[in-house]
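Data from my_file31.cif: mmCIF, N, CA and C atoms
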```cif
data_coords
#
loop_
_atom_site.label_atom_id
_atom_site.label_comp_id
_atom_site.auth_asym_id
_atom_site.auth_seq_id
_atom_site.Cartn_x
_atom_site.Cartn_y
_atom_site.Cartn_z
N MET A 1 128.95 140.28 141.58
CA MET A 1 127.76 140.49 140.76
C MET A 1 127.55 139.28 139.85
N THR A 2 126.32 138.79 139.78
CA THR A 2 125.97 137.63 138.96
C THR A 2 125.98 138.00 137.48
N PRO A 3 126.67 137.23 136.65
CA PRO A 3 126.61 137.50 135.21
C PRO A 3 125.19 137.31 134.68
N MET A 4 124.84 138.08 133.68
CA MET A 4 123.50 138.03 133.09
C MET A 4 123.61 137.61 131.63
N VAL A 5 122.50 137.10 131.10
CA VAL A 5 122.41 136.73 129.70
C VAL A 5 121.03 137.13 129.20
N PHE A 6 120.94 137.52 127.93
CA PHE A 6 119.66 137.90 127.36
C PHE A 6 118.93 136.65 126.89
N ASP A 7 117.71 136.45 127.38
CA ASP A 7 116.87 135.34 126.94
C ASP A 7 115.98 135.85 125.82
N PRO A 8 116.16 135.35 124.57
CA PRO A 8 115.37 135.86 123.45
C PRO A 8 113.89 135.48 123.54
N LEU A 9 113.55 134.51 124.37
CA LEU A 9 112.15 134.11 124.50
C LEU A 9 111.42 134.97 125.53
N ARG A 10 112.06 135.20 126.67
CA ARG A 10 111.47 136.06 127.70
C ARG A 10 111.74 137.53 127.41
N LYS A 11 112.63 137.79 126.47
CA LYS A 11 113.00 139.14 126.04
C LYS A 11 113.49 140.00 127.20
N LYS A 12 114.37 139.39 128.01
CA LYS A 12 114.95 140.14 129.13
C LYS A 12 116.25 139.47 129.57
N GLU A 13 117.03 140.23 130.33
CA GLU A 13 118.26 139.70 130.93
C GLU A 13 117.89 138.82 132.12
N VAL A 14 118.55 137.66 132.22
CA VAL A 14 118.32 136.74 133.33
C VAL A 14 119.68 136.31 133.88
N PRO A 15 119.74 135.92 135.16
CA PRO A 15 121.01 135.46 135.73
C PRO A 15 121.53 134.22 135.00
N LEU A 16 122.82 134.23 134.71
CA LEU A 16 123.45 133.13 133.97
C LEU A 16 123.90 132.04 134.95
N THR A 17 122.92 131.25 135.40
CA THR A 17 123.21 130.10 136.25
C THR A 17 123.66 128.94 135.35
N PRO A 18 124.22 127.88 135.90
CA PRO A 18 124.58 126.73 135.05
C PRO A 18 123.38 126.16 134.28
N GLU A 19 122.22 126.08 134.93
CA GLU A 19 121.02 125.58 134.22
C GLU A 19 120.60 126.55 133.12
N GLU A 20 120.70 127.86 133.40
CA GLU A 20 120.32 128.86 132.39
C GLU A 20 121.25 128.80 131.19
N GLN A 21 122.51 128.50 131.43
CA GLN A 21 123.46 128.37 130.33
C GLN A 21 123.03 127.22 129.41
N VAL A 22 122.60 126.10 129.99
CA VAL A 22 122.11 124.97 129.21
C VAL A 22 120.83 125.36 128.47
N ARG A 23 119.92 126.05 129.17
CA ARG A 23 118.66 126.47 128.53
C ARG A 23 118.93 127.38 127.33
N GLN A 24 119.84 128.35 127.49
CA GLN A 24 120.14 129.27 126.37
C GLN A 24 120.83 128.54 125.23
N TRP A 25 121.69 127.57 125.54
CA TRP A 25 122.32 126.77 124.50
C TRP A 25 121.26 126.01 123.72
N PHE A 26 120.28 125.41 124.43
CA PHE A 26 119.28 124.61 123.72
C PHE A 26 118.30 125.49 122.95
N ILE A 27 117.99 126.68 123.44
CA ILE A 27 117.16 127.62 122.66
C ILE A 27 117.87 127.94 121.35
N SER A 28 119.17 128.18 121.42
CA SER A 28 119.95 128.44 120.22
C SER A 28 119.95 127.23 119.29
N PHE A 29 120.10 126.03 119.85
CA PHE A 29 120.08 124.79 119.05
C PHE A 29 118.72 124.63 118.36
N LEU A 30 117.64 124.85 119.11
CA LEU A 30 116.30 124.75 118.52
C LEU A 30 116.16 125.71 117.34
N HIS A 31 116.62 126.93 117.53
CA HIS A 31 116.46 127.96 116.51
C HIS A 31 117.38 127.73 115.31
N GLU A 32 118.66 127.49 115.57
CA GLU A 32 119.63 127.42 114.48
C GLU A 32 119.69 126.05 113.81
N GLN A 33 119.63 124.97 114.56
CA GLN A 33 119.77 123.63 113.99
C GLN A 33 118.43 123.00 113.60
N MET A 34 117.40 123.26 114.40
CA MET A 34 116.10 122.63 114.16
C MET A 34 115.12 123.58 113.45
N GLN A 35 115.56 124.81 113.19
CA GLN A 35 114.78 125.83 112.48
C GLN A 35 113.45 126.19 113.17
N VAL A 36 113.43 126.17 114.50
CA VAL A 36 112.24 126.57 115.24
C VAL A 36 112.26 128.09 115.40
N PRO A 37 111.24 128.78 114.88
CA PRO A 37 111.20 130.23 115.08
C PRO A 37 111.09 130.58 116.57
N HIS A 38 111.75 131.65 116.99
CA HIS A 38 111.64 132.09 118.38
C HIS A 38 110.18 132.29 118.77
N SER A 39 109.36 132.74 117.82
CA SER A 39 107.94 133.00 118.11
C SER A 39 107.16 131.73 118.43
N MET A 40 107.74 130.55 118.15
CA MET A 40 107.06 129.28 118.41
C MET A 40 107.64 128.57 119.64
N MET A 41 108.41 129.33 120.45
CA MET A 41 108.99 128.78 121.68
C MET A 41 108.64 129.68 122.85
N ASN A 42 108.67 129.09 124.03
CA ASN A 42 108.51 129.87 125.26
C ASN A 42 109.34 129.19 126.33
N SER A 43 109.89 129.97 127.26
CA SER A 43 110.68 129.38 128.34
C SER A 43 110.06 129.71 129.69
N GLU A 44 110.37 128.85 130.67
CA GLU A 44 109.88 129.03 132.03
C GLU A 44 108.34 129.09 132.05
N VAL A 45 107.69 128.08 131.47
CA VAL A 45 106.24 128.04 131.36
C VAL A 45 105.65 127.31 132.56
N SER A 46 104.77 127.99 133.31
CA SER A 46 104.13 127.38 134.48
C SER A 46 102.84 126.68 134.09
N PHE A 47 102.57 125.58 134.78
CA PHE A 47 101.31 124.85 134.61
C PHE A 47 101.07 124.05 135.89
N ASN A 48 99.86 123.53 136.05
CA ASN A 48 99.52 122.76 137.23
C ASN A 48 99.43 121.28 136.92
N LEU A 49 99.97 120.48 137.80
CA LEU A 49 99.83 119.02 137.75
C LEU A 49 99.11 118.66 139.04
N GLY A 50 97.80 118.45 138.92
CA GLY A 50 96.99 118.30 140.13
C GLY A 50 96.98 119.64 140.85
N ASN A 51 97.33 119.62 142.13
CA ASN A 51 97.39 120.88 142.87
C ASN A 51 98.82 121.39 143.01
N LYS A 52 99.74 120.80 142.25
CA LYS A 52 101.14 121.20 142.33
C LYS A 52 101.53 122.07 141.13
N GLN A 53 102.18 123.18 141.42
CA GLN A 53 102.68 124.09 140.37
C GLN A 53 103.96 123.51 139.77
N MET A 54 104.02 123.40 138.46
CA MET A 54 105.19 122.89 137.74
C MET A 54 105.69 123.97 136.80
N ARG A 55 106.90 123.76 136.26
CA ARG A 55 107.48 124.73 135.33
C ARG A 55 108.29 123.99 134.28
N ALA A 56 107.90 124.15 133.03
CA ALA A 56 108.66 123.58 131.92
C ALA A 56 109.75 124.57 131.52
N ASP A 57 110.95 124.07 131.31
CA ASP A 57 112.05 124.95 130.92
C ASP A 57 111.80 125.59 129.57
N ILE A 58 111.42 124.78 128.57
CA ILE A 58 111.15 125.29 127.22
C ILE A 58 109.98 124.50 126.64
N LEU A 59 109.07 125.19 125.98
CA LEU A 59 108.02 124.55 125.19
C LEU A 59 108.16 125.02 123.75
N VAL A 60 107.93 124.10 122.82
CA VAL A 60 107.85 124.43 121.40
C VAL A 60 106.39 124.20 120.99
N PHE A 61 105.84 125.17 120.27
CA PHE A 61 104.43 125.13 119.91
C PHE A 61 104.23 124.81 118.44
N ALA A 62 103.09 124.17 118.14
CA ALA A 62 102.68 123.89 116.76
C ALA A 62 101.94 125.11 116.21
N ARG A 63 101.50 125.02 114.98
CA ARG A 63 100.79 126.14 114.35
C ARG A 63 99.49 126.50 115.07
N ASP A 64 98.86 125.49 115.72
CA ASP A 64 97.62 125.76 116.45
C ASP A 64 97.89 126.32 117.85
N LEU A 65 99.17 126.62 118.13
CA LEU A 65 99.65 127.21 119.38
C LEU A 65 99.48 126.28 120.59
N LYS A 66 99.35 124.97 120.32
CA LYS A 66 99.38 123.98 121.39
C LYS A 66 100.80 123.44 121.47
N PRO A 67 101.25 123.08 122.68
CA PRO A 67 102.62 122.57 122.80
C PRO A 67 102.80 121.26 122.03
N MET A 68 103.97 121.13 121.38
CA MET A 68 104.27 119.86 120.72
C MET A 68 105.61 119.28 121.19
N MET A 69 106.39 120.06 121.97
CA MET A 69 107.64 119.56 122.53
C MET A 69 107.86 120.23 123.88
N VAL A 70 108.26 119.42 124.86
CA VAL A 70 108.64 119.96 126.16
C VAL A 70 110.10 119.59 126.40
N ILE A 71 110.88 120.56 126.87
CA ILE A 71 112.31 120.37 127.11
C ILE A 71 112.62 120.63 128.57
N GLU A 72 113.30 119.69 129.20
CA GLU A 72 113.77 119.85 130.58
C GLU A 72 115.28 120.03 130.53
N CYS A 73 115.76 121.15 131.06
CA CYS A 73 117.19 121.46 131.09
C CYS A 73 117.73 121.29 132.51
N LYS A 74 118.84 120.63 132.62
CA LYS A 74 119.52 120.45 133.90
C LYS A 74 120.92 121.04 133.77
N ARG A 75 121.49 121.46 134.89
CA ARG A 75 122.86 121.95 134.84
C ARG A 75 123.77 120.78 134.46
N PRO A 76 124.94 121.07 133.89
CA PRO A 76 125.83 120.01 133.40
C PRO A 76 126.21 118.96 134.45
N SER A 77 126.24 119.33 135.72
CA SER A 77 126.65 118.37 136.75
C SER A 77 125.54 117.39 137.13
N VAL A 78 124.32 117.59 136.61
CA VAL A 78 123.20 116.69 136.92
C VAL A 78 123.10 115.63 135.83
N PRO A 79 123.30 114.36 136.18
CA PRO A 79 123.16 113.30 135.17
C PRO A 79 121.71 113.15 134.73
N LEU A 80 121.53 112.77 133.47
CA LEU A 80 120.18 112.55 132.95
C LEU A 80 119.74 111.14 133.32
N SER A 81 119.31 111.02 134.55
CA SER A 81 118.92 109.74 135.13
C SER A 81 117.46 109.41 134.81
N ASP A 82 117.06 108.24 135.24
CA ASP A 82 115.67 107.83 135.11
C ASP A 82 114.76 108.81 135.85
N LYS A 83 115.23 109.38 136.95
CA LYS A 83 114.45 110.36 137.72
C LYS A 83 114.13 111.59 136.87
N VAL A 84 115.10 112.06 136.09
CA VAL A 84 114.89 113.22 135.21
C VAL A 84 113.88 112.87 134.12
N LEU A 85 114.03 111.67 133.52
CA LEU A 85 113.09 111.26 132.47
C LEU A 85 111.68 111.10 133.03
N GLN A 86 111.56 110.58 134.25
CA GLN A 86 110.24 110.45 134.88
C GLN A 86 109.62 111.83 135.13
N GLN A 87 110.44 112.81 135.48
CA GLN A 87 109.96 114.18 135.69
C GLN A 87 109.32 114.72 134.42
N ILE A 88 110.01 114.56 133.30
CA ILE A 88 109.48 115.11 132.05
C ILE A 88 108.27 114.31 131.56
N ILE A 89 108.23 113.03 131.85
CA ILE A 89 107.05 112.24 131.50
C ILE A 89 105.84 112.68 132.34
N ARG A 90 106.08 113.03 133.62
CA ARG A 90 104.99 113.58 134.44
C ARG A 90 104.48 114.88 133.85
N TYR A 91 105.38 115.74 133.39
CA TYR A 91 104.97 116.98 132.74
C TYR A 91 104.05 116.66 131.57
N ASN A 92 104.40 115.60 130.85
CA ASN A 92 103.63 115.27 129.65
C ASN A 92 102.22 114.78 129.97
N TRP A 93 101.95 114.36 131.20
CA TRP A 93 100.58 114.00 131.56
C TRP A 93 99.67 115.21 131.42
N VAL A 94 100.21 116.39 131.64
CA VAL A 94 99.43 117.63 131.50
C VAL A 94 99.56 118.18 130.08
N LEU A 95 100.78 118.21 129.56
CA LEU A 95 101.05 118.88 128.29
C LEU A 95 100.65 118.06 127.07
N ASP A 96 100.74 116.72 127.16
CA ASP A 96 100.33 115.81 126.09
C ASP A 96 100.97 116.16 124.75
N VAL A 97 102.30 116.10 124.71
CA VAL A 97 103.05 116.45 123.50
C VAL A 97 103.65 115.21 122.86
N PRO A 98 103.91 115.26 121.55
CA PRO A 98 104.53 114.11 120.90
C PRO A 98 106.06 114.05 121.04
N PHE A 99 106.70 115.12 121.52
CA PHE A 99 108.15 115.13 121.68
C PHE A 99 108.53 115.58 123.08
N ILE A 100 109.45 114.84 123.70
CA ILE A 100 110.01 115.26 124.99
C ILE A 100 111.53 115.24 124.87
N VAL A 101 112.17 116.17 125.58
CA VAL A 101 113.62 116.31 125.53
C VAL A 101 114.16 116.52 126.94
N ALA A 102 115.27 115.86 127.24
CA ALA A 102 116.01 116.11 128.47
C ALA A 102 117.45 116.41 128.05
N THR A 103 118.01 117.48 128.59
CA THR A 103 119.39 117.83 128.26
C THR A 103 120.09 118.43 129.47
N ASN A 104 121.38 118.15 129.57
CA ASN A 104 122.22 118.82 130.57
C ASN A 104 123.37 119.54 129.86
N GLY A 105 123.25 119.72 128.56
CA GLY A 105 124.28 120.39 127.78
C GLY A 105 125.39 119.45 127.33
N GLN A 106 125.57 118.35 128.03
CA GLN A 106 126.57 117.35 127.64
C GLN A 106 125.90 116.17 126.94
N ASN A 107 124.73 115.80 127.43
CA ASN A 107 123.92 114.74 126.83
C ASN A 107 122.53 115.29 126.58
N THR A 108 121.96 114.89 125.46
CA THR A 108 120.61 115.31 125.11
C THR A 108 119.85 114.10 124.59
N TYR A 109 118.67 113.89 125.15
CA TYR A 109 117.80 112.80 124.71
C TYR A 109 116.52 113.40 124.16
N ILE A 110 116.25 113.11 122.88
CA ILE A 110 115.02 113.56 122.23
C ILE A 110 114.20 112.31 121.96
N CYS A 111 112.97 112.32 122.45
CA CYS A 111 112.09 111.16 122.31
C CYS A 111 110.81 111.56 121.60
N LYS A 112 110.29 110.61 120.80
CA LYS A 112 109.06 110.82 120.04
C LYS A 112 108.03 109.81 120.52
N ARG A 113 106.82 110.27 120.73
CA ARG A 113 105.73 109.42 121.22
C ARG A 113 105.31 108.42 120.15
N ASN A 114 104.98 107.22 120.59
CA ASN A 114 104.40 106.21 119.71
C ASN A 114 103.17 105.64 120.42
N GLU A 115 102.62 104.54 119.91
CA GLU A 115 101.41 103.97 120.49
C GLU A 115 101.62 103.46 121.91
N LYS A 116 102.84 103.08 122.27
CA LYS A 116 103.09 102.44 123.56
C LYS A 116 103.92 103.29 124.53
N GLY A 117 104.43 104.39 124.09
CA GLY A 117 105.29 105.21 124.95
C GLY A 117 106.11 106.16 124.11
N PHE A 118 107.44 106.10 124.29
CA PHE A 118 108.34 106.99 123.57
C PHE A 118 109.51 106.21 123.00
N ASP A 119 109.96 106.62 121.82
CA ASP A 119 111.17 106.09 121.18
C ASP A 119 112.23 107.17 121.20
N MET A 120 113.47 106.78 121.51
CA MET A 120 114.60 107.70 121.44
C MET A 120 114.89 107.99 119.97
N MET A 121 115.07 109.25 119.63
CA MET A 121 115.39 109.63 118.26
C MET A 121 116.91 109.67 118.09
N GLU A 122 117.37 109.27 116.93
CA GLU A 122 118.81 109.27 116.67
C GLU A 122 119.33 110.65 116.30
N LYS A 123 118.45 111.49 115.74
CA LYS A 123 118.85 112.86 115.41
C LYS A 123 117.68 113.79 115.68
N ALA A 124 118.01 115.04 115.87
CA ALA A 124 116.99 116.04 116.16
C ALA A 124 116.15 116.30 114.91
N PRO A 125 114.82 116.30 115.05
CA PRO A 125 113.97 116.59 113.90
C PRO A 125 113.98 118.09 113.60
N SER A 126 113.71 118.43 112.35
CA SER A 126 113.53 119.84 112.01
C SER A 126 112.15 120.28 112.49
N PHE A 127 111.93 121.57 112.53
CA PHE A 127 110.63 122.10 112.92
C PHE A 127 109.56 121.58 111.97
N ALA A 128 109.86 121.55 110.67
CA ALA A 128 108.90 121.04 109.68
C ALA A 128 108.57 119.57 109.94
N GLU A 129 109.57 118.76 110.27
CA GLU A 129 109.33 117.34 110.59
C GLU A 129 108.49 117.21 111.86
N MET A 130 108.75 118.06 112.83
CA MET A 130 107.96 118.03 114.06
C MET A 130 106.50 118.37 113.77
N LEU A 131 106.27 119.39 112.95
CA LEU A 131 104.90 119.77 112.61
C LEU A 131 104.18 118.65 111.88
N GLU A 132 104.87 117.99 110.97
CA GLU A 132 104.28 116.88 110.23
C GLU A 132 103.89 115.74 111.18
N TYR A 133 104.79 115.40 112.09
CA TYR A 133 104.48 114.32 113.04
C TYR A 133 103.37 114.75 113.99
N TYR A 134 103.36 116.01 114.39
CA TYR A 134 102.32 116.53 115.28
C TYR A 134 100.93 116.30 114.68
N GLU A 135 100.81 116.58 113.38
CA GLU A 135 99.53 116.36 112.70
C GLU A 135 99.17 114.88 112.72
N CYS A 136 100.11 114.01 112.43
CA CYS A 136 99.88 112.56 112.47
C CYS A 136 99.54 112.11 113.88
N TYR A 137 100.21 112.66 114.86
CA TYR A 137 100.02 112.32 116.26
C TYR A 137 98.56 112.53 116.66
N HIS A 138 98.00 113.66 116.28
CA HIS A 138 96.60 113.92 116.61
C HIS A 138 95.65 113.13 115.72
N HIS A 139 96.01 112.96 114.46
CA HIS A 139 95.16 112.21 113.52
C HIS A 139 95.07 110.73 113.93
N ARG A 140 96.18 110.16 114.41
CA ARG A 140 96.21 108.75 114.80
C ARG A 140 95.69 108.54 116.21
N ARG A 141 95.25 109.63 116.86
CA ARG A 141 94.67 109.59 118.20
C ARG A 141 95.65 109.07 119.25
N LEU A 142 96.94 109.39 119.08
CA LEU A 142 97.90 109.08 120.12
C LEU A 142 97.72 110.06 121.27
N SER A 143 97.17 111.22 120.93
CA SER A 143 96.96 112.26 121.93
C SER A 143 95.75 111.95 122.79
N ARG A 144 95.86 112.20 124.09
CA ARG A 144 94.72 112.05 124.99
C ARG A 144 93.70 113.17 124.77
N GLN A 145 94.09 114.28 124.13
CA GLN A 145 93.20 115.41 123.93
C GLN A 145 91.94 114.97 123.16
N GLU A 146 92.10 114.01 122.27
CA GLU A 146 90.98 113.56 121.45
C GLU A 146 89.93 112.85 122.30
N ASP A 147 90.33 112.33 123.45
CA ASP A 147 89.41 111.56 124.30
C ASP A 147 88.63 112.46 125.26
N ILE A 148 89.01 113.72 125.35
CA ILE A 148 88.38 114.62 126.33
C ILE A 148 87.09 115.18 125.80
#
```

I need this file expressed as structure tokens, please.
Amino acid sequence: MTPMVFDPLRKKEVPLTPEEQVRQWFISFLHEQMQVPHSMMNSEVSFNLGNKQMRADILVFARDLKPMMVIECKRPSVPLSDKVLQQIIRYNWVLDVPFIVATNGQNTYICKRNEKGFDMMEKAPSFAEMLEYYECYHHRRLSRQEDI
């Protein structure tokens, strides 16, 4: 029998796969260390990239309920290669967020959008810091949403 774990975002028991273990660890990190309320996160979020169905492991939302961070979780045995970072950057073509994260539970890369791309952050921002930057991000027109 497959072990199960309660996902506080989906509010149900899910199979505890290696990737799910990383996802649950990062949900806990977001909530406890970065002070992100559970109500401002969602997991296993589907969206379309062209005609292809995609799925973000975790999204963190701003006060306007638009995504401001996308997190890609990999099982611990998957290295965080350029291929993984390119995957999350492709997600961002649709989601247009100022923060992207890739984690395998052993390594975690948090990046913040700037005028030319993304900068690696040295430490995880708090939810309040993320909200502040999110406002600047849209005000400075780094977001493509302003052009639509």

- Query: Neighbours of Arg55 in chain A within 6 Å (only C-alpha atoms; same-chain residues fewer than 2 positions away dropped), as a list in words?
  - Reply: Glu44, Val45 and Ser46 of chain A

- Resolved residues for the PyMOL selection byres (((chain A and resi 130 and name CA) around 12) and name CA) as a PyMOL selection string: chain A and resi 30+34-36+60-63+67-69+97-100+110-113+121+124-129+131-137

Limited to N, CA and C atoms, could you put the picked residues into a file as a compact mmCIF listing (two decimals), in the coordinates of the input?
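Result went into out10.txt, see below:
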```txt
# COMPACT_ATOMS: atom_id res chain seq x y z
N LEU A 30 117.64 124.85 119.11
CA LEU A 30 116.30 124.75 118.52
C LEU A 30 116.16 125.71 117.34
N MET A 34 117.40 123.26 114.40
CA MET A 34 116.10 122.63 114.16
C MET A 34 115.12 123.58 113.45
N GLN A 35 115.56 124.81 113.19
CA GLN A 35 114.78 125.83 112.48
C GLN A 35 113.45 126.19 113.17
N VAL A 36 113.43 126.17 114.50
CA VAL A 36 112.24 126.57 115.24
C VAL A 36 112.26 128.09 115.40
N VAL A 60 107.93 124.10 122.82
CA VAL A 60 107.85 124.43 121.40
C VAL A 60 106.39 124.20 120.99
N PHE A 61 105.84 125.17 120.27
CA PHE A 61 104.43 125.13 119.91
C PHE A 61 104.23 124.81 118.44
N ALA A 62 103.09 124.17 118.14
CA ALA A 62 102.68 123.89 116.76
C ALA A 62 101.94 125.11 116.21
N ARG A 63 101.50 125.02 114.98
CA ARG A 63 100.79 126.14 114.35
C ARG A 63 99.49 126.50 115.07
N PRO A 67 101.25 123.08 122.68
CA PRO A 67 102.62 122.57 122.80
C PRO A 67 102.80 121.26 122.03
N MET A 68 103.97 121.13 121.38
CA MET A 68 104.27 119.86 120.72
C MET A 68 105.61 119.28 121.19
N MET A 69 106.39 120.06 121.97
CA MET A 69 107.64 119.56 122.53
C MET A 69 107.86 120.23 123.88
N VAL A 97 102.30 116.10 124.71
CA VAL A 97 103.05 116.45 123.50
C VAL A 97 103.65 115.21 122.86
N PRO A 98 103.91 115.26 121.55
CA PRO A 98 104.53 114.11 120.90
C PRO A 98 106.06 114.05 121.04
N PHE A 99 106.70 115.12 121.52
CA PHE A 99 108.15 115.13 121.68
C PHE A 99 108.53 115.58 123.08
N ILE A 100 109.45 114.84 123.70
CA ILE A 100 110.01 115.26 124.99
C ILE A 100 111.53 115.24 124.87
N ILE A 110 116.25 113.11 122.88
CA ILE A 110 115.02 113.56 122.23
C ILE A 110 114.20 112.31 121.96
N CYS A 111 112.97 112.32 122.45
CA CYS A 111 112.09 111.16 122.31
C CYS A 111 110.81 111.56 121.60
N LYS A 112 110.29 110.61 120.80
CA LYS A 112 109.06 110.82 120.04
C LYS A 112 108.03 109.81 120.52
N ARG A 113 106.82 110.27 120.73
CA ARG A 113 105.73 109.42 121.22
C ARG A 113 105.31 108.42 120.15
N MET A 121 115.07 109.25 119.63
CA MET A 121 115.39 109.63 118.26
C MET A 121 116.91 109.67 118.09
N ALA A 124 118.01 115.04 115.87
CA ALA A 124 116.99 116.04 116.16
C ALA A 124 116.15 116.30 114.91
N PRO A 125 114.82 116.30 115.05
CA PRO A 125 113.97 116.59 113.90
C PRO A 125 113.98 118.09 113.60
N SER A 126 113.71 118.43 112.35
CA SER A 126 113.53 119.84 112.01
C SER A 126 112.15 120.28 112.49
N PHE A 127 111.93 121.57 112.53
CA PHE A 127 110.63 122.10 112.92
C PHE A 127 109.56 121.58 111.97
N ALA A 128 109.86 121.55 110.67
CA ALA A 128 108.90 121.04 109.68
C ALA A 128 108.57 119.57 109.94
N GLU A 129 109.57 118.76 110.27
CA GLU A 129 109.33 117.34 110.59
C GLU A 129 108.49 117.21 111.86
N LEU A 131 106.27 119.39 112.95
CA LEU A 131 104.90 119.77 112.61
C LEU A 131 104.18 118.65 111.88
N GLU A 132 104.87 117.99 110.97
CA GLU A 132 104.28 116.88 110.23
C GLU A 132 103.89 115.74 111.18
N TYR A 133 104.79 115.40 112.09
CA TYR A 133 104.48 114.32 113.04
C TYR A 133 103.37 114.75 113.99
N TYR A 134 103.36 116.01 114.39
CA TYR A 134 102.32 116.53 115.28
C TYR A 134 100.93 116.30 114.68
N GLU A 135 100.81 116.58 113.38
CA GLU A 135 99.53 116.36 112.70
C GLU A 135 99.17 114.88 112.72
N CYS A 136 100.11 114.01 112.43
CA CYS A 136 99.88 112.56 112.47
C CYS A 136 99.54 112.11 113.88
N TYR A 137 100.21 112.66 114.86
CA TYR A 137 100.02 112.32 116.26
C TYR A 137 98.56 112.53 116.66
```

Output, as lines of an AutoDock Vina configuration file, the centre and edge lengths in Å (one decimal) of the axis-aligned box that contains all listed atoms of range 57-73 of chain A with 3 Å of margin on each side.
```
center_x = 107.7
center_y = 123.2
center_z = 123.4
size_x = 26.1
size_y = 13.9
size_z = 24.2
```

- Which residues match the PyMOL selection byres ((chain A and resi 57) around 6.5) in the file above, as number ranges by chain? A: 42-45, 55-56, 58-59, 71-73

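Atom pair atom C of Arg75 in chain A / CA of Thr17 in chain A: separated by 9.5 Å.
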
- Using only N, CA and C atoms, pick whichever of A:Met41, A:Glu13, A:Ala102, A:Asp7 has the shortest atom-to-atom distance to Leu85 in chain A. A:Ala102

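Separating CA of Thr103 in chain A from CA of Val22 in chain A is a distance of 7.7 Å.
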
- Task: To one decimal in Å, tell me the separation between atom C of Gly117 in chain A and CA of Ile89 in chain A.
- Result: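 Straight-line distance from atom C of Gly117 in chain A to CA of Ile89 in chain A works out to 9.6 Å.
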
- Item | Which residue of A:Gly105, A:Lys66, A:Pro8, A:Ile88 approaches Gln21 in chain A most closely, using all atoms listed in the file |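 Checking each candidate against Gln21 in chain A, we get A:Gly105 as the closest.
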